[in-house]
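Shown next, in structure tokens, is the structure this report addresses.
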Protein chains: 2
Amino acid sequence: MTESPSTKERLIAVATQLLDEGGPEAVTLRSVAHAIGLSHNAPYKHFKDKRALLAAVAHMSFQEMGAAFKKIAQKETTPSRALRQIVAQYLDFAERSPHRYRLLFNDPEIGQGRGELETEALATFEAVVRLIKAGQKEGELKRGDASQFTALLYGSLHGLADLRLSGRTRSAKGMDNIGVLPLILLDLLKK
Amino acid sequence: MTESPSTKERLIAVATQLLDEGGPEAVTLRSVAHAIGLSHNAPYKHFKDKRALLAAVAHMSFQEMGAAFKKIAQKETTPSRALRQIVAQYLDFAERSPHRYRLLFNDPEIGQGRGELETEALATFEAVVRLIKAGQKEGELKRGDASQFTALLYGSLHGLADLRLSGRTRSAKGMDNIGVLPLILLDLLKK
DNA sequence: ACCTGAACACCGTTCAAGT
DNA sequence: ACCTGAACACCGTTCAAGT
């Protein structure tokens with residue numbers, strides 16, 4: 001069934017694991033190589049540099065997340081329900097894999113990369129745009145620019161998830177229970 | 001008038017400057033010390049470690065930002081106008097001082113710090129809560145939990161600013177012209 | 001009290017060399 | 001093609017020593 005993984009795939013897998021378990025400072029090329037029994041600079045035979053390895057980690061995670069969202073969009077019965085599910089899934093991923101989340105949505109070096117990552121992210125974005133347009137057509141949601149509504153929802157989700165991860169939501173009253181806030185936004189978008 | 005700055009103050013000032021000009025990787029204790037003609041480990045006589053120096057940089061910037069917001073809240077004639085001004089000022093700061101913005105709102109090491117930073121941030125948050133409550137009282141804004149509305153606005157602002165800084169807003173259609181999106185949110189909050 | 005200089009452990013990266 | 005080992009430049013941090 002599953003092929004035995006190549007060295008390159010093993011490097012990506014162990015980098016992901018080290019990131020999830022110990023945060024970015026735990027991911028050194030040395031620790032990644034040693035974890036699979038290679039010398040400290042073996043990764044350079046498979047990736048141009050550290051940034052390229054991390055980009056590969058991000059790419060895999062992005063694909064998984066995009067696939068999960070599209071699955072929700074297909075399964076759920078109404079656009080509103082699908083949107084609420086996606087919101088929950090997004091915040092759940094950020095909470096469960098905080099370090100990976102920051103790599104995906106926060107790391108400037110990863111974000112600059114043109115190419116595959118951007119294409120994948122755009123496809124996911126467009127899937128949400130379609131959901132909102134469907135909701136508008138069915139009369140569930142307010143009229144308005146669906147792309148802008150999506151961008152506002154995306155910004156809110158990222159901002160709230162990110163503020164929580166970086167410890168900026170502890171004291172303020174409205175910021176405990178981050179999860180309800182995007183739902184309030186979705187309510188505001190209802191007709 | 002102005003006292004001649006202490007070594008500690010000079011370290012904070014030059015760290016801020018190096019951060020703004022060259023990003024986080026340009027701020028090494030060595031470069032900071034050398035910039036004011038001291039040996040590479042002189043900063044340790046004034047700050048416990050690098051994190052403490054950066055926290056001091058963040059503290060000063062936070063105070064300035066909070067003061068600017070409160071000034072807007074006092075000057076503007078209506079709550080709505082004040083909120084729009086604050087939104088513009090916030091996004092403007094993020095665009096003009098991207099590296100400092102990330103230190104203030106994104107660095108996990110800074111965010112964890114209990115104490116002054118958190119108090120200052122909370123005070124600014126509460127100033128916005130009061131603005132929203134005033135808007136509700138005057139009938140400009142929808143009823144609802146003002147703290148939650150503030151949290152949603154804050155999350156949106158941070159998320160949009162942060163996505164822009166990390167290069168995640170380039171391709172998607174609704175995400176160019178980030179500035180209008182929080183205004184859409186404010187519109188949704190209108191009665 | 002404040003600063004200097006040497007030293008340590010740890011990085012990412014490069015390079016010559018081995019199979 | 002893939003891997004190893006030595007080496008380099010650069011960090012944050014510690015420590016003994018100077019004034």
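Chain labels A, B, ... are given in the sequence in which chains occur in the structure tokens; within each chain residues are numbered consecutively from 1, and ligands are likewise numbered from 1 in the order shown.
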
**OP:** For chain A, list the residues within 7 Å of chain B, counting only C-alpha atoms, and write the list as a list in words.
**Re:**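 Here is what falls inside 7 Å: Asn106, Asp107, Pro108, Gly111, Gln112, Leu122, Ser147, Gln148, Ala151, Leu152, Gly155, Ser156, His158, Gly159, Leu160, Ser166, Gly167, Arg168, Ala172, Lys173, Gly174, Met175, Leu181 and Leu188 of chain A.
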
**OP:** Using backbone DSSP assignments, extract all helix (DSSP H, G or I) residues from range 1-188 of chain A; output them as a ChimeraX atom specification.
**Re:** /A:7-22,24-26,29-35,42-45,50-75,79-96,98-105,108-112,116-137,146-165,173-175,180-188

Between chain D and chain B, at 12 Å or less, what are the per-residue closest atom pairs and their distances in Å? Count only C-alpha atoms (C1' of nucleotides), order by chain and rising residue number, and return it as JSON lines.
```
{"residue": "D:DC10", "atom": "C1'", "partner": "B:Thr28", "partner_atom": "CA", "distance": 10.2}
{"residue": "D:DC11", "atom": "C1'", "partner": "B:Thr28", "partner_atom": "CA", "distance": 7.9}
{"residue": "D:DG12", "atom": "C1'", "partner": "B:Lys50", "partner_atom": "CA", "distance": 8.0}
{"residue": "D:DT13", "atom": "C1'", "partner": "B:Asp49", "partner_atom": "CA", "distance": 8.4}
{"residue": "D:DT14", "atom": "C1'", "partner": "B:Asn41", "partner_atom": "CA", "distance": 10.2}
{"residue": "D:DC15", "atom": "C1'", "partner": "B:Asn41", "partner_atom": "CA", "distance": 11.7}
```

**OP:** Within 10 Å of DG5 in chain C, counting only C-alpha atoms (C1' of nucleotides), which residues show up once you throw out same-chain ones fewer than 6 positions away? Write them as a VMD selection string, please.
**Re:** (chain B and resid 39 to 40) or (chain D and resid 16 to 17)

What does the file look like for those residues with all heavy atoms, as a PDB file, in the first residue's frame?
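Listed below is the output, part02.pdb:
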```pdb
ATOM      1  N   SER B  39      30.862  47.494  24.653  1.00  0.00           N
ATOM      2  CA  SER B  39      31.286  46.133  24.322  1.00  0.00           C
ATOM      3  C   SER B  39      30.063  45.230  24.208  1.00  0.00           C
ATOM      4  O   SER B  39      28.965  45.579  24.642  1.00  0.00           O
ATOM      5  CB  SER B  39      32.232  45.594  25.378  1.00  0.00           C
ATOM      6  OG  SER B  39      31.500  45.197  26.513  1.00  0.00           O
ATOM      7  N   HIS B  40      30.281  44.059  23.637  1.00  0.00           N
ATOM      8  CA  HIS B  40      29.150  43.232  23.221  1.00  0.00           C
ATOM      9  C   HIS B  40      28.275  42.752  24.364  1.00  0.00           C
ATOM     10  O   HIS B  40      27.148  42.336  24.128  1.00  0.00           O
ATOM     11  CB  HIS B  40      29.653  42.027  22.430  1.00  0.00           C
ATOM     12  CG  HIS B  40      30.377  41.028  23.266  1.00  0.00           C
ATOM     13  ND1 HIS B  40      31.711  41.167  23.604  1.00  0.00           N
ATOM     14  CD2 HIS B  40      29.968  39.894  23.872  1.00  0.00           C
ATOM     15  CE1 HIS B  40      32.086  40.160  24.348  1.00  0.00           C
ATOM     16  NE2 HIS B  40      31.059  39.371  24.538  1.00  0.00           N
TER      17      HIS B  40
ATOM     18  P    DA D  16      33.970  32.974  37.856  1.00  0.00           P
ATOM     19  OP1  DA D  16      34.055  31.570  38.288  1.00  0.00           O
ATOM     20  OP2  DA D  16      33.099  33.927  38.574  1.00  0.00           O
ATOM     21  O5'  DA D  16      35.443  33.583  37.809  1.00  0.00           O
ATOM     22  C5'  DA D  16      36.359  33.137  36.801  1.00  0.00           C
ATOM     23  C4'  DA D  16      37.211  34.295  36.331  1.00  0.00           C
ATOM     24  O4'  DA D  16      36.403  35.185  35.525  1.00  0.00           O
ATOM     25  C3'  DA D  16      37.805  35.148  37.459  1.00  0.00           C
ATOM     26  O3'  DA D  16      39.205  35.304  37.255  1.00  0.00           O
ATOM     27  C2'  DA D  16      37.050  36.470  37.363  1.00  0.00           C
ATOM     28  C1'  DA D  16      36.684  36.518  35.888  1.00  0.00           C
ATOM     29  N9   DA D  16      35.487  37.320  35.597  1.00  0.00           N
ATOM     30  C8   DA D  16      34.267  37.257  36.199  1.00  0.00           C
ATOM     31  N7   DA D  16      33.388  38.105  35.726  1.00  0.00           N
ATOM     32  C5   DA D  16      34.083  38.778  34.735  1.00  0.00           C
ATOM     33  C6   DA D  16      33.701  39.802  33.845  1.00  0.00           C
ATOM     34  N6   DA D  16      32.486  40.338  33.818  1.00  0.00           N
ATOM     35  N1   DA D  16      34.636  40.253  32.975  1.00  0.00           N
ATOM     36  C2   DA D  16      35.855  39.706  32.995  1.00  0.00           C
ATOM     37  N3   DA D  16      36.322  38.724  33.787  1.00  0.00           N
ATOM     38  C4   DA D  16      35.374  38.304  34.633  1.00  0.00           C
ATOM     39  P    DA D  17      40.082  36.038  38.350  1.00  0.00           P
ATOM     40  OP1  DA D  17      41.370  35.304  38.405  1.00  0.00           O
ATOM     41  OP2  DA D  17      39.281  36.252  39.569  1.00  0.00           O
ATOM     42  O5'  DA D  17      40.358  37.465  37.702  1.00  0.00           O
ATOM     43  C5'  DA D  17      40.650  37.560  36.312  1.00  0.00           C
ATOM     44  C4'  DA D  17      40.493  39.000  35.866  1.00  0.00           C
ATOM     45  O4'  DA D  17      39.087  39.290  35.687  1.00  0.00           O
ATOM     46  C3'  DA D  17      40.997  40.024  36.884  1.00  0.00           C
ATOM     47  O3'  DA D  17      42.277  40.500  36.473  1.00  0.00           O
ATOM     48  C2'  DA D  17      39.909  41.115  36.886  1.00  0.00           C
ATOM     49  C1'  DA D  17      38.908  40.674  35.833  1.00  0.00           C
ATOM     50  N9   DA D  17      37.526  40.901  36.202  1.00  0.00           N
ATOM     51  C8   DA D  17      36.791  40.274  37.174  1.00  0.00           C
ATOM     52  N7   DA D  17      35.556  40.686  37.276  1.00  0.00           N
ATOM     53  C5   DA D  17      35.450  41.666  36.297  1.00  0.00           C
ATOM     54  C6   DA D  17      34.387  42.492  35.894  1.00  0.00           C
ATOM     55  N6   DA D  17      33.177  42.470  36.454  1.00  0.00           N
ATOM     56  N1   DA D  17      34.625  43.358  34.882  1.00  0.00           N
ATOM     57  C2   DA D  17      35.842  43.388  34.332  1.00  0.00           C
ATOM     58  N3   DA D  17      36.909  42.658  34.617  1.00  0.00           N
ATOM     59  C4   DA D  17      36.656  41.810  35.620  1.00  0.00           C
TER      60       DA D  17
END
```

Original post:
So which one's closest to Arg143 in chain B, B:His46, B:Lys191, B:Gly179, B:Pro79? Using only C-alpha atoms, please.
Top reply: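 Selected residue with least distance to Arg143 in chain B: B:Lys191.
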
**OP:** Figure out the distance between CA of Glu120 in chain B and CA of Glu64 in chain B, please, to one decimal in Å.
**Re:** 10.2 Å

Subject >> Spatial neighbours of range 74-77 of chain B, max dist 12 Å, only C-alpha atoms (C1' of nucleotides), sep filter under 3 positions, as a VMD selection string >> reply: chain B and resid 67 to 71 80 to 86 127 to 128 130 to 131 134 to 135

Could you save the residues just selected, with N, CA, C and O atoms, as an mmCIF file, in the first residue's frame?
```cif
data_model
loop_
_atom_site.group_PDB
_atom_site.id
_atom_site.type_symbol
_atom_site.label_atom_id
_atom_site.label_comp_id
_atom_site.auth_asym_id
_atom_site.auth_seq_id
_atom_site.Cartn_x
_atom_site.Cartn_y
_atom_site.Cartn_z
ATOM 1 N N ALA B 67 -1.695 56.037 24.007
ATOM 2 C CA ALA B 67 -1.908 57.475 24.173
ATOM 3 C C ALA B 67 -2.550 58.074 22.928
ATOM 4 O O ALA B 67 -3.465 58.899 23.024
ATOM 5 N N ALA B 68 -2.094 57.621 21.748
ATOM 6 C CA ALA B 68 -2.646 58.137 20.495
ATOM 7 C C ALA B 68 -4.122 57.791 20.375
ATOM 8 O O ALA B 68 -4.936 58.622 19.956
ATOM 9 N N PHE B 69 -4.484 56.587 20.765
ATOM 10 C CA PHE B 69 -5.882 56.165 20.682
ATOM 11 C C PHE B 69 -6.766 56.980 21.622
ATOM 12 O O PHE B 69 -7.867 57.409 21.259
ATOM 13 N N LYS B 70 -6.266 57.187 22.810
ATOM 14 C CA LYS B 70 -7.074 57.938 23.777
ATOM 15 C C LYS B 70 -7.259 59.381 23.320
ATOM 16 O O LYS B 70 -8.314 59.986 23.518
ATOM 17 N N LYS B 71 -6.235 59.912 22.690
ATOM 18 C CA LYS B 71 -6.325 61.267 22.159
ATOM 19 C C LYS B 71 -7.422 61.340 21.089
ATOM 20 O O LYS B 71 -8.238 62.272 21.075
ATOM 21 N N SER B 80 -18.532 56.838 16.241
ATOM 22 C CA SER B 80 -18.253 56.232 14.940
ATOM 23 C C SER B 80 -17.020 56.824 14.288
ATOM 24 O O SER B 80 -16.167 56.107 13.757
ATOM 25 N N ARG B 81 -16.955 58.146 14.340
ATOM 26 C CA ARG B 81 -15.796 58.805 13.740
ATOM 27 C C ARG B 81 -14.517 58.414 14.472
ATOM 28 O O ARG B 81 -13.485 58.158 13.855
ATOM 29 N N ALA B 82 -14.582 58.369 15.774
ATOM 30 C CA ALA B 82 -13.405 57.986 16.559
ATOM 31 C C ALA B 82 -12.964 56.560 16.225
ATOM 32 O O ALA B 82 -11.769 56.283 16.057
ATOM 33 N N LEU B 83 -13.929 55.655 16.108
ATOM 34 C CA LEU B 83 -13.598 54.271 15.788
ATOM 35 C C LEU B 83 -12.934 54.168 14.418
ATOM 36 O O LEU B 83 -11.944 53.448 14.248
ATOM 37 N N ARG B 84 -13.460 54.900 13.460
ATOM 38 C CA ARG B 84 -12.849 54.863 12.120
ATOM 39 C C ARG B 84 -11.426 55.414 12.152
ATOM 40 O O ARG B 84 -10.532 54.896 11.485
ATOM 41 N N GLN B 85 -11.235 56.453 12.944
ATOM 42 C CA GLN B 85 -9.898 57.032 13.074
ATOM 43 C C GLN B 85 -8.918 56.048 13.707
ATOM 44 O O GLN B 85 -7.769 55.923 13.294
ATOM 45 N N ILE B 86 -9.392 55.339 14.721
ATOM 46 C CA ILE B 86 -8.537 54.372 15.418
ATOM 47 C C ILE B 86 -8.163 53.221 14.483
ATOM 48 O O ILE B 86 -7.020 52.771 14.443
ATOM 49 N N ALA B 127 -10.734 51.390 26.479
ATOM 50 C CA ALA B 127 -11.079 52.687 25.880
ATOM 51 C C ALA B 127 -11.970 52.479 24.654
ATOM 52 O O ALA B 127 -12.913 53.250 24.417
ATOM 53 N N VAL B 128 -11.684 51.422 23.892
ATOM 54 C CA VAL B 128 -12.514 51.130 22.721
ATOM 55 C C VAL B 128 -13.884 50.608 23.155
ATOM 56 O O VAL B 128 -14.914 50.955 22.557
ATOM 57 N N ARG B 130 -15.499 51.498 25.728
ATOM 58 C CA ARG B 130 -16.287 52.676 26.117
ATOM 59 C C ARG B 130 -16.828 53.406 24.897
ATOM 60 O O ARG B 130 -17.974 53.877 24.888
ATOM 61 N N LEU B 131 -16.002 53.479 23.841
ATOM 62 C CA LEU B 131 -16.452 54.117 22.603
ATOM 63 C C LEU B 131 -17.664 53.396 22.027
ATOM 64 O O LEU B 131 -18.635 54.026 21.588
ATOM 65 N N ALA B 134 -20.704 54.011 24.075
ATOM 66 C CA ALA B 134 -21.221 55.353 23.802
ATOM 67 C C ALA B 134 -22.013 55.366 22.497
ATOM 68 O O ALA B 134 -23.098 55.961 22.412
ATOM 69 N N GLY B 135 -21.472 54.676 21.489
ATOM 70 C CA GLY B 135 -22.170 54.579 20.209
ATOM 71 C C GLY B 135 -23.511 53.879 20.342
ATOM 72 O O GLY B 135 -24.485 54.238 19.665
#
```

Subject >> Distance query range 11-16 of chain B at most 8 Å, only C-alpha atoms (C1' of nucleotides), self and fewer than 4 positions along chain excluded, as a list in words >> reply: Thr7, Asp20, Val27, Val32, Ala33, Ala35, Ile36, Pro43, Leu53, Leu54, Ala56, Val57 and Arg100 of chain B

Original post:
What is the distance, in Å and to one decimal place, between CA of Ser61 in chain B and CA of Tyr101 in chain B?
Top reply: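 Distance between the two atoms: 9.0 Å.
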
**OP:** Have a look at CA of Lys133 in chain A and CA of Gly66 in chain A and let me know their distance in Å, one decimal.
**Re:**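 Pair CA of Lys133 in chain A / CA of Gly66 in chain A returns 18.7 Å.
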